[in-house]
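So this one's upload.txt, compact mmCIF, C-alpha atoms:
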# COMPACT_ATOMS: atom_id res chain seq x y z
CA MET A 1 0.00 0.00 0.00
CA ASP A 2 2.87 2.35 0.91
CA ILE A 3 4.47 1.68 -2.46
CA VAL A 4 1.30 2.74 -4.27
CA LYS A 5 1.08 5.84 -2.06
CA ASP A 6 4.73 6.72 -2.78
CA ILE A 7 4.19 6.31 -6.51
CA LEU A 8 1.11 8.53 -6.40
CA LEU A 9 2.91 11.21 -4.38
CA SER A 10 5.83 11.20 -6.83
CA THR A 11 3.49 12.22 -9.64
CA GLY A 12 2.71 15.85 -10.31
CA PHE A 13 -1.01 15.55 -9.52
CA PHE A 14 -0.66 16.14 -5.79
CA ALA A 15 1.72 19.05 -6.20
CA LEU A 16 -0.48 20.85 -8.73
CA THR A 17 -1.74 24.31 -7.70
CA TRP A 18 -4.60 26.44 -9.03
CA GLY A 19 -2.08 29.02 -10.11
CA GLN A 20 -0.34 26.48 -12.33
CA VAL A 21 -3.64 25.44 -13.91
CA LEU A 22 -4.41 29.10 -14.58
CA MET A 23 -0.99 29.46 -16.22
CA TRP A 24 -1.78 26.46 -18.43
CA ILE A 25 -4.89 28.31 -19.58
CA ILE A 26 -2.80 31.43 -20.33
CA GLY A 27 -0.18 29.36 -22.18
CA GLY A 28 -2.94 27.55 -24.05
CA THR A 29 -4.51 30.89 -25.01
CA LEU A 30 -1.21 32.09 -26.49
CA ILE A 31 -0.86 28.85 -28.45
CA TYR A 32 -4.46 29.27 -29.66
CA LEU A 33 -3.84 32.88 -30.73
CA ALA A 34 -0.67 31.82 -32.55
CA ILE A 35 -2.24 28.89 -34.41
CA LYS A 36 -5.80 30.01 -34.97
CA LYS A 37 -5.42 33.79 -35.28
CA GLY A 38 -1.86 33.94 -36.59
CA PHE A 39 -0.75 36.41 -33.87
CA GLU A 40 3.07 36.52 -34.02
CA PRO A 41 3.14 32.70 -34.18
CA LEU A 42 6.93 32.40 -34.35
CA LEU A 43 7.18 33.81 -30.84
CA LEU A 44 3.83 33.30 -29.15
CA LEU A 45 3.74 29.58 -29.91
CA PRO A 46 7.06 28.70 -28.20
CA ILE A 47 6.31 31.22 -25.43
CA GLY A 48 2.94 29.57 -24.80
CA PHE A 49 4.55 26.13 -24.72
CA GLY A 50 7.31 27.44 -22.44
CA ILE A 51 4.61 28.65 -20.03
CA LEU A 52 3.07 25.17 -19.98
CA MET A 53 6.44 23.55 -19.34
CA ALA A 54 7.42 26.00 -16.61
CA ASN A 55 4.19 25.29 -14.74
CA LEU A 56 4.41 21.51 -14.63
CA PRO A 57 4.66 20.57 -10.96
CA LEU A 58 7.81 18.66 -9.92
CA ALA A 59 9.19 18.78 -13.48
CA PRO A 60 12.83 19.79 -13.10
CA LEU A 61 12.92 22.01 -16.19
CA MET A 62 13.63 25.34 -14.50
CA ASN A 63 15.74 24.06 -11.57
CA GLU A 64 18.65 26.42 -11.17
CA GLY A 65 21.88 24.85 -12.35
CA SER A 66 20.39 21.66 -13.76
CA GLY A 67 17.05 22.30 -15.49
CA LEU A 68 17.04 22.04 -19.28
CA ILE A 69 15.09 25.23 -19.92
CA TRP A 70 16.95 26.98 -17.12
CA ARG A 71 20.13 26.34 -19.15
CA PHE A 72 18.54 27.84 -22.26
CA TYR A 73 17.46 30.82 -20.18
CA HIS A 74 20.75 31.23 -18.32
CA TYR A 75 23.13 30.90 -21.25
CA GLY A 76 20.82 32.44 -23.80
CA LEU A 77 19.21 35.36 -22.01
CA GLU A 78 21.12 35.99 -18.79
CA TRP A 79 24.34 35.84 -20.74
CA GLU A 80 22.73 38.20 -23.27
CA VAL A 81 23.50 35.97 -26.24
CA ILE A 82 20.12 35.46 -27.90
CA PRO A 83 18.81 39.04 -28.40
CA PRO A 84 22.00 40.20 -30.17
CA LEU A 85 21.86 37.09 -32.40
CA ILE A 86 18.26 37.95 -33.28
CA PHE A 87 19.51 41.43 -34.18
CA LEU A 88 22.13 39.84 -36.44
CA GLY A 89 19.32 38.13 -38.34
CA LEU A 90 17.19 41.27 -38.40
CA GLY A 91 20.12 43.23 -39.81
CA ALA A 92 20.53 40.66 -42.57
CA MET A 93 16.83 41.08 -43.41
CA THR A 94 16.75 44.89 -43.32
CA ASP A 95 17.03 47.16 -46.33
CA PHE A 96 18.21 50.58 -45.19
CA GLY A 97 17.70 52.02 -48.68
CA PRO A 98 14.66 54.16 -47.71
CA VAL A 99 16.58 55.68 -44.76
CA ILE A 100 19.62 56.42 -46.92
CA ALA A 101 17.44 57.97 -49.62
CA ASN A 102 15.61 60.16 -47.09
CA PRO A 103 17.75 60.51 -43.93
CA LYS A 104 15.24 62.95 -42.38
CA THR A 105 13.12 59.93 -41.51
CA LEU A 106 15.71 58.97 -38.89
CA LEU A 107 14.26 61.75 -36.73
CA LEU A 108 10.83 60.12 -36.94
CA GLY A 109 12.38 56.94 -35.57
CA ALA A 110 13.58 59.03 -32.63
CA ALA A 111 10.24 60.81 -32.19
CA ALA A 112 8.36 57.56 -31.65
CA GLN A 113 10.71 56.85 -28.74
CA VAL A 114 9.11 59.77 -26.88
CA GLY A 115 6.30 57.25 -26.33
CA VAL A 116 8.84 55.06 -24.50
CA TYR A 117 9.57 57.81 -22.00
CA LEU A 118 5.93 58.82 -21.54
CA THR A 119 5.03 55.20 -20.80
CA PHE A 120 8.01 55.04 -18.46
CA PHE A 121 6.48 57.87 -16.42
CA LEU A 122 3.04 56.27 -16.45
CA ALA A 123 4.58 53.07 -15.08
CA LEU A 124 6.28 55.04 -12.30
CA LEU A 125 2.90 56.55 -11.38
CA LEU A 126 1.59 52.99 -10.98
CA LYS A 127 4.34 52.30 -8.41
CA PHE A 128 6.67 50.23 -10.56
CA THR A 129 10.35 50.59 -9.72
CA VAL A 130 12.53 52.65 -12.08
CA PRO A 131 14.14 49.57 -13.76
CA GLN A 132 10.72 47.90 -14.12
CA ALA A 133 9.25 51.12 -15.55
CA SER A 134 12.06 51.30 -18.09
CA VAL A 135 11.28 47.79 -19.35
CA ILE A 136 7.57 48.61 -19.56
CA GLY A 137 8.40 51.85 -21.38
CA ILE A 138 10.47 50.07 -23.99
CA ILE A 139 7.35 48.11 -25.04
CA ALA A 140 6.46 51.33 -26.90
CA GLY A 141 9.39 50.60 -29.20
CA ALA A 142 7.45 47.54 -30.45
CA ASP A 143 10.65 45.55 -30.56
CA GLY A 144 10.55 42.18 -28.80
CA PRO A 145 14.28 41.36 -28.70
CA THR A 146 15.12 44.80 -27.32
CA THR A 147 12.43 44.48 -24.65
CA ILE A 148 13.80 41.08 -23.66
CA TYR A 149 17.38 42.33 -23.72
CA LEU A 150 16.58 45.31 -21.49
CA ALA A 151 14.56 43.13 -19.10
CA SER A 152 17.42 40.65 -18.80
CA LYS A 153 19.73 43.52 -17.83
CA LEU A 154 17.49 45.57 -15.53
CA ALA A 155 14.38 43.69 -14.40
CA PRO A 156 14.44 39.93 -15.21
CA GLU A 157 11.18 39.44 -13.29
CA MET A 158 9.41 41.55 -15.95
CA MET A 159 10.82 39.69 -18.93
CA GLY A 160 8.01 37.23 -19.61
CA ILE A 161 5.07 39.55 -19.21
CA CYS A 162 6.68 42.47 -21.08
CA ALA A 163 7.69 40.19 -23.96
CA VAL A 164 4.18 38.77 -24.23
CA ALA A 165 2.69 42.27 -24.06
CA ALA A 166 5.09 43.55 -26.74
CA TYR A 167 4.46 40.66 -29.15
CA SER A 168 0.69 40.67 -28.53
CA TYR A 169 0.35 44.37 -29.23
CA MET A 170 2.65 44.10 -32.26
CA ALA A 171 0.11 41.72 -33.73
CA LEU A 172 -2.58 44.29 -32.95
CA VAL A 173 -0.81 47.21 -34.68
CA PRO A 174 -3.39 47.25 -37.53
CA LEU A 175 -6.11 47.80 -34.93
CA ILE A 176 -4.31 50.15 -32.53
CA GLN A 177 -2.63 52.57 -34.90
CA PRO A 178 -5.23 53.73 -37.46
CA PRO A 179 -7.60 55.48 -35.00
CA VAL A 180 -4.66 57.38 -33.45
CA MET A 181 -3.30 58.33 -36.87
CA LYS A 182 -6.68 59.56 -38.07
CA ALA A 183 -7.37 61.47 -34.84
CA LEU A 184 -4.10 63.40 -35.09
CA THR A 185 -4.19 64.27 -38.81
CA THR A 186 -6.58 66.08 -41.12
CA GLU A 187 -7.88 64.56 -44.34
CA GLU A 188 -5.71 67.04 -46.29
CA GLU A 189 -2.57 65.95 -44.43
CA ARG A 190 -3.30 62.28 -45.07
CA LYS A 191 -3.65 63.07 -48.77
CA ILE A 192 -0.12 64.48 -49.11
CA VAL A 193 1.69 62.62 -51.88
CA MET A 194 5.41 62.17 -51.40
CA LYS A 195 7.91 62.18 -54.24
CA SER A 196 9.41 58.82 -55.16
CA LEU A 197 12.63 57.98 -53.34
CA ARG A 198 15.87 58.24 -55.27
CA PRO A 199 17.70 55.01 -56.09
CA VAL A 200 20.43 54.13 -53.59
CA SER A 201 23.70 52.65 -54.82
CA LYS A 202 25.31 49.51 -53.49
CA LEU A 203 28.30 51.43 -52.11
CA GLU A 204 26.00 53.72 -50.10
CA LYS A 205 24.34 50.65 -48.62
CA ILE A 206 27.73 49.18 -47.72
CA PHE A 207 28.83 52.40 -46.03
CA PHE A 208 25.64 52.67 -43.95
CA PRO A 209 26.19 49.82 -41.45
CA LEU A 210 29.81 50.83 -40.93
CA VAL A 211 29.04 54.49 -40.36
CA ALA A 212 25.90 53.82 -38.32
CA MET A 213 27.65 51.40 -35.97
CA ILE A 214 30.51 53.80 -35.30
CA VAL A 215 28.27 56.83 -34.74
CA ILE A 216 25.68 55.08 -32.56
CA CYS A 217 28.14 53.12 -30.45
CA LEU A 218 30.30 56.19 -29.87
CA VAL A 219 27.32 58.12 -28.49
CA VAL A 220 25.63 55.23 -26.64
CA PRO A 221 28.20 52.50 -25.96
CA ASP A 222 25.65 50.41 -24.03
CA SER A 223 23.66 49.88 -27.21
CA SER A 224 26.65 48.25 -28.93
CA PRO A 225 25.67 44.56 -28.41
CA LEU A 226 22.41 45.10 -30.30
CA ILE A 227 23.53 47.74 -32.78
CA GLY A 228 26.85 46.02 -33.50
CA MET A 229 25.18 42.74 -34.42
CA PHE A 230 22.40 44.53 -36.31
CA MET A 231 24.89 46.33 -38.50
CA LEU A 232 27.07 43.23 -38.96
CA GLY A 233 24.02 41.36 -40.27
CA ASN A 234 23.27 44.25 -42.60
CA LEU A 235 26.85 44.32 -43.88
CA PHE A 236 26.56 40.58 -44.63
CA ARG A 237 23.50 41.41 -46.74
CA GLU A 238 24.79 44.46 -48.55
CA SER A 239 28.37 43.37 -49.20
CA GLY A 240 27.10 40.70 -51.60
CA VAL A 241 30.18 38.55 -51.00
CA VAL A 242 28.97 36.46 -48.05
CA ALA A 243 25.58 35.28 -49.26
CA ARG A 244 25.96 32.09 -47.23
CA LEU A 245 26.46 34.01 -43.99
CA SER A 246 23.63 36.38 -44.82
CA ASN A 247 21.28 33.50 -45.56
CA ALA A 248 22.35 31.64 -42.41
CA ALA A 249 21.75 34.75 -40.27
CA GLN A 250 18.32 35.33 -41.84
CA ASN A 251 17.15 31.74 -41.80
CA GLU A 252 18.86 28.94 -39.88
CA LEU A 253 20.38 31.02 -37.08
CA MET A 254 17.30 33.22 -36.72
CA ASN A 255 15.03 30.19 -36.54
CA ILE A 256 17.19 28.38 -34.00
CA VAL A 257 17.56 31.34 -31.64
CA THR A 258 13.84 32.12 -31.99
CA ILE A 259 13.05 28.67 -30.60
CA PHE A 260 15.36 29.17 -27.61
CA LEU A 261 14.16 32.74 -27.09
CA GLY A 262 10.48 31.81 -27.09
CA ILE A 263 10.76 28.84 -24.82
CA SER A 264 13.10 30.62 -22.37
CA VAL A 265 10.85 33.68 -22.13
CA GLY A 266 7.78 31.49 -21.62
CA ALA A 267 9.55 29.53 -18.92
CA THR A 268 10.13 32.67 -16.86
CA MET A 269 6.37 32.94 -16.41
CA SER A 270 5.74 30.66 -13.45
CA ALA A 271 2.51 31.07 -11.48
CA GLU A 272 4.38 32.60 -8.51
CA THR A 273 5.94 35.38 -10.56
CA PHE A 274 3.14 35.99 -13.05
CA LEU A 275 -0.12 35.97 -11.14
CA ASN A 276 -0.41 39.39 -9.57
CA PHE A 277 -2.29 42.61 -10.28
CA LYS A 278 0.76 44.30 -11.79
CA VAL A 279 0.41 42.05 -14.84
CA ILE A 280 -2.89 43.77 -15.67
CA TYR A 281 -1.16 47.14 -15.34
CA VAL A 282 1.58 45.99 -17.72
CA PHE A 283 -1.00 45.08 -20.37
CA ILE A 284 -2.78 48.43 -19.96
CA LEU A 285 0.53 50.28 -20.12
CA GLY A 286 1.61 48.23 -23.13
CA CYS A 287 -1.45 49.38 -25.05
CA ALA A 288 -0.87 52.97 -23.90
CA ALA A 289 2.75 52.62 -25.04
CA PHE A 290 1.78 51.77 -28.61
CA ILE A 291 -0.77 54.60 -28.72
CA LEU A 292 1.71 57.15 -27.33
CA ALA A 293 4.53 56.07 -29.65
CA THR A 294 2.23 56.27 -32.66
CA GLY A 295 0.95 59.68 -31.56
CA THR A 296 4.36 61.21 -30.89
CA GLY A 297 5.63 59.96 -34.24
CA VAL A 298 2.72 61.53 -36.14
CA LEU A 299 2.92 64.81 -34.19
CA PHE A 300 6.65 65.09 -34.79
CA ALA A 301 6.11 64.58 -38.52
CA LYS A 302 3.61 67.47 -38.41
CA LEU A 303 6.19 69.55 -36.57
CA MET A 304 8.80 68.74 -39.22
CA ASN A 305 6.37 69.90 -41.92
CA MET A 306 6.45 73.40 -40.41
CA PHE A 307 10.12 73.66 -41.42
CA LEU A 308 10.24 71.59 -44.60
CA LYS A 309 9.78 73.00 -48.09
CA GLU A 310 8.80 69.61 -49.44
CA LYS A 311 6.10 68.35 -47.07
CA ILE A 312 6.06 64.79 -45.81
CA ASN A 313 2.88 62.85 -45.17
CA PRO A 314 2.59 62.94 -41.35
CA LEU A 315 1.21 59.40 -41.33
CA ILE A 316 4.72 58.03 -41.89
CA GLY A 317 5.60 59.22 -38.37
CA ALA A 318 3.45 56.37 -37.05
CA ALA A 319 5.89 53.88 -38.58
CA GLY A 320 8.53 55.11 -36.11
CA VAL A 321 7.36 52.37 -33.77
CA SER A 322 9.45 49.46 -35.00
CA ALA A 323 7.03 46.55 -35.71
CA VAL A 324 8.71 46.04 -39.09
CA PRO A 325 7.07 45.92 -41.62
CA MET A 326 3.57 45.85 -40.12
CA ALA A 327 3.56 49.53 -39.05
CA ALA A 328 4.73 50.63 -42.52
CA ARG A 329 1.96 48.60 -44.12
CA VAL A 330 -0.62 50.21 -41.83
CA VAL A 331 0.67 53.67 -42.81
CA HIS A 332 0.40 52.75 -46.47
CA LYS A 333 -3.15 51.47 -46.01
CA VAL A 334 -4.38 54.54 -44.13
CA GLY A 335 -2.66 56.83 -46.63
CA SER A 336 -4.15 55.08 -49.64
CA GLU A 337 -7.62 55.26 -48.05
CA ALA A 338 -7.30 59.06 -48.06
CA ASN A 339 -5.80 59.26 -51.54
CA ARG A 340 -5.70 56.32 -53.92
CA ARG A 341 -2.63 57.74 -55.66
CA ASN A 342 -0.72 57.66 -52.39
CA TYR A 343 1.99 55.02 -52.20
CA LEU A 344 3.56 55.44 -48.78
CA LEU A 345 5.02 51.99 -48.13
CA MET A 346 8.63 52.74 -49.03
CA HIS A 347 8.46 56.19 -47.39
CA ALA A 348 7.21 54.55 -44.19
CA MET A 349 9.96 51.93 -44.25
CA GLY A 350 12.45 54.74 -43.45
CA PRO A 351 11.02 55.63 -40.04
CA ASN A 352 10.17 51.98 -39.53
CA VAL A 353 13.77 50.74 -39.63
CA ALA A 354 14.91 53.96 -37.91
CA GLY A 355 12.54 52.95 -35.10
CA VAL A 356 14.46 49.69 -34.61
CA ILE A 357 17.66 51.70 -34.20
CA GLY A 358 15.89 54.24 -31.96
CA THR A 359 14.53 51.57 -29.63
CA ALA A 360 17.93 49.92 -29.29
CA VAL A 361 19.44 53.33 -28.52
CA ALA A 362 16.71 54.09 -25.94
CA ALA A 363 17.43 50.71 -24.31
CA GLY A 364 21.13 51.55 -24.29
CA MET A 365 20.38 54.88 -22.60
CA PHE A 366 18.35 53.14 -19.88
CA ILE A 367 21.20 50.70 -19.29
CA SER A 368 23.78 53.46 -19.14
CA VAL A 369 21.77 55.32 -16.47
CA LEU A 370 20.42 52.37 -14.47
CA GLY A 371 22.77 49.48 -15.24
CA MET B 1 20.08 59.07 -5.83
CA GLY B 2 16.32 59.20 -5.20
CA THR B 3 13.77 57.53 -7.45
CA GLY B 4 12.50 60.86 -8.76
CA ALA B 5 15.96 62.10 -9.65
CA GLN B 6 16.87 58.78 -11.26
CA ALA B 7 13.66 58.80 -13.31
CA LEU B 8 14.28 62.36 -14.42
CA GLU B 9 17.85 61.48 -15.40
CA CYS B 10 16.54 58.53 -17.47
CA PHE B 11 14.03 60.79 -19.18
CA VAL B 12 16.34 63.70 -19.98
CA ALA B 13 19.42 61.61 -20.86
CA GLY B 14 17.30 59.20 -22.88
CA LEU B 15 15.52 61.77 -24.99
CA ILE B 16 18.67 63.80 -25.59
CA GLY B 17 20.59 60.61 -26.39
CA VAL B 18 18.05 59.26 -28.86
CA PHE B 19 17.66 62.55 -30.74
CA LEU B 20 21.40 63.25 -30.67
CA VAL B 21 22.17 59.82 -32.12
CA MET B 22 19.60 60.24 -34.88
CA ALA B 23 20.73 63.78 -35.73
CA LEU B 24 24.39 62.69 -35.91
CA LEU B 25 23.43 59.61 -37.88
CA GLN B 26 21.52 61.77 -40.32
CA LEU B 27 24.62 63.90 -40.90
CA ALA B 28 26.81 60.81 -41.18
CA VAL B 29 24.44 59.21 -43.70
CA VAL B 30 24.36 62.35 -45.84
CA PHE B 31 28.15 62.55 -45.74
CA SER B 32 28.74 58.85 -46.42
CA SER B 33 26.23 58.91 -49.30
CA LYS B 34 28.03 61.85 -50.89
CA LEU B 35 31.35 60.06 -50.44
CA ALA B 36 29.96 56.86 -51.98
CA ILE B 37 28.48 58.73 -54.95
CA TRP B 38 31.77 60.62 -55.46
CA ILE B 39 33.80 57.38 -55.35
CA GLU B 40 31.45 55.75 -57.81
CA SER B 41 31.44 58.71 -60.21
CA ARG B 42 35.26 58.83 -60.08
CA GLY B 43 35.37 55.12 -60.85
CA LYS B 44 33.10 55.68 -63.85
CA LYS B 45 35.26 58.58 -65.10
CA ASP B 46 38.37 56.39 -64.81
CA ASP B 47 36.64 53.65 -66.77
CA VAL B 48 35.66 56.11 -69.52
CA SER B 49 39.19 57.54 -69.79
CA GLN B 50 40.68 54.03 -69.85
CA ALA B 51 38.30 53.09 -72.64
CA GLY B 52 39.25 56.29 -74.55
CA LYS B 53 43.00 55.50 -74.32
CA SER B 54 42.55 51.95 -75.51
Whole structure given in structure tokens:
Amino acid sequence: MDIVKDILLSTGFFALTWGQVLMWIIGGTLIYLAIKKGFEPLLLLPIGFGILMANLPLAPLMNEGSGLIWRFYHYGLEWEVIPPLIFLGLGAMTDFGPVIANPKTLLLGAAAQVGVYLTFFLALLLKFTVPQASVIGIIAGADGPTTIYLASKLAPEMMGICAVAAYSYMALVPLIQPPVMKALTTEEERKIVMKSLRPVSKLEKIFFPLVAMIVICLVVPDSSPLIGMFMLGNLFRESGVVARLSNAAQNELMNIVTIFLGISVGATMSAETFLNFKVIYVFILGCAAFILATGTGVLFAKLMNMFLKEKINPLIGAAGVSAVPMAARVVHKVGSEANRRNYLLMHAMGPNVAGVIGTAVAAGMFISVLG
Amino acid sequence: MGTGAQALECFVAGLIGVFLVMALLQLAVVFSSKLAIWIESRGKKDDVSQAGKS
């Protein structure tokens, strides 16, 4: 009889808590959203599964020093390896041509980061600590790897929830942004047609990652892990002589690190750390972050128009939140609704990729002050 | 340093940093583009003169 009792007690059933069951439901919901609704499936699916695995009672997956997923988390995220590798892949996928053709759009990438700092203050008002508020603020940058990177440096306890909030709202960009864009612009402004971008030569594209890395890392050295890898990936792409490395960074490496990133982030979301009222605040602030970043981008574009001879369509300011290329597509759609002759996609790609740089720089600034 | 002062430092340093980086990057991009176009146009001129000599 004792043997049967021992066997039963060694199973997870008797150690299961309501919190863990609730986390299964949350993990299951993310998996459902990824599969059924197509919400950021590359990330939300492994994150959802990671949540399930991290909330299995008695399963030694997250045991410090020996757990399998703990090793992924420790060596991948705590050692800050995975986010820079993701940036390497992103760099290899990014075409900086629109930024080079119209460098003014870099300022729009900076303007959207004002949303980061406004959200940061909102989080402080809700009694989050300064490092936690910085991680919540960076959600406004709509850049998952940067959010995860900053959380791993400043507030690891916020990593899971902030990553889920960032990726969830990124999937909702087509719903969140248009009302803000329309509220802050007039019909006439949305109708502004921008001149086609000039062609950019191969040599200009090769110079960009070299120059950008030096300039950015000189001003904000703490952004160098992300920016350095981002620009290396881009140089792979633009040099044209290392197609194998470029392809590996875009495909195999990106896919492999995405698996480890998703599962490690999901595994940080145990019932003990996740189930509290602050999680609800993070989701509210995450939504506010996207709205504020969109708004500040559009308003800054309107401000720029006061000084520019050749007006820009202020909608492209909304693409300053990273979410590449979704935000640029939304800009194009809203612009073409106002004027069918309007083709804003390539114009919006400028602030869009500038937003990726801007978010990494904002994260670097937080680290330099708080780290 | 108090929380308020630290938050203010994050805000001010962050905003200045982000805009400074983008402004400098804008200048650097303009300069590097001009340099690239100049190098390319010089290369083309050299090619034309080589072709003329031959």
Residue hits in chain A, query chain B, radius 8 Å, all atoms listed in the file, as a VMD selection string
chain A and resid 100 103 to 104 106 to 107 109 to 111 113 to 114 117 121 130 201 203 to 204 207 to 208 211 to 212 215 to 216 219 to 220 358 361 to 362 365 to 366 369 to 370
Exercise: Leu85 in chain A partners within 8 Å, all atoms listed in the file, chain neighbours under 2 positions left out, as a ChimeraX atom specification:
/A:81-83,87-89,229,253-254,257
Tell me, as number ranges by chain, which residues lie within 8 Å of Arg329 in chain A, counting only C-alpha atoms; anything in the same chain fewer than 3 positions away does not count.
A: 325-326, 332-333, 345, 348
Here CA of Phe49 in chain A and CA of Leu22 in chain A stand apart by 13.9 Å
Excluding Val116 in chain A and its own-chain neighbours fewer than 2 positions away, which residues fall within 6 Å of it when counting only C-alpha atoms? Please give them as a PDB file with C-alpha atoms, in the frame of the given file.
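part29.pdb, written as the output of this step:
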ATOM      1  CA  GLN A 113      10.710  56.850 -28.740  1.00  0.00           C
ATOM      2  CA  VAL A 114       9.110  59.770 -26.880  1.00  0.00           C
ATOM      3  CA  LEU A 118       5.930  58.820 -21.540  1.00  0.00           C
ATOM      4  CA  THR A 119       5.030  55.200 -20.800  1.00  0.00           C
ATOM      5  CA  GLY A 137       8.400  51.850 -21.380  1.00  0.00           C
ATOM      6  CA  ILE A 138      10.470  50.070 -23.990  1.00  0.00           C
ATOM      7  CA  ALA A 140       6.460  51.330 -26.900  1.00  0.00           C
TER       8      ALA A 140
END
Which residues, written as a PyMOL selection string, have at least one atom at most 8 Å from range 184-192 of chain A, with all atoms listed in the file counted and residues fewer than 5 positions away on the same chain left out?
chain A and resi 295+298-299+311-315+334-335+338-339+342
Closest to Gly27 in chain A among A:Ile86, A:Met93, A:Ile291, A:Ile161, using all atoms listed in the file?
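Result for the nearest residue to Gly27 in chain A: A:Ile161.
One distance worth recording is that between CA of Phe260 in chain A and CA of Glu238 in chain A, which is 27.6 Å.
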In Å, with one decimal, what is the gap from CA of Gly97 in chain A to CA of Ser246 in chain A?
17.2 Å
Residue with the minimum atom-to-atom distance to Lys37 in chain A, picked from A:Leu150, A:Ala15, A:Leu77, A:Leu172 with only C-alpha atoms counted, is A:Leu172
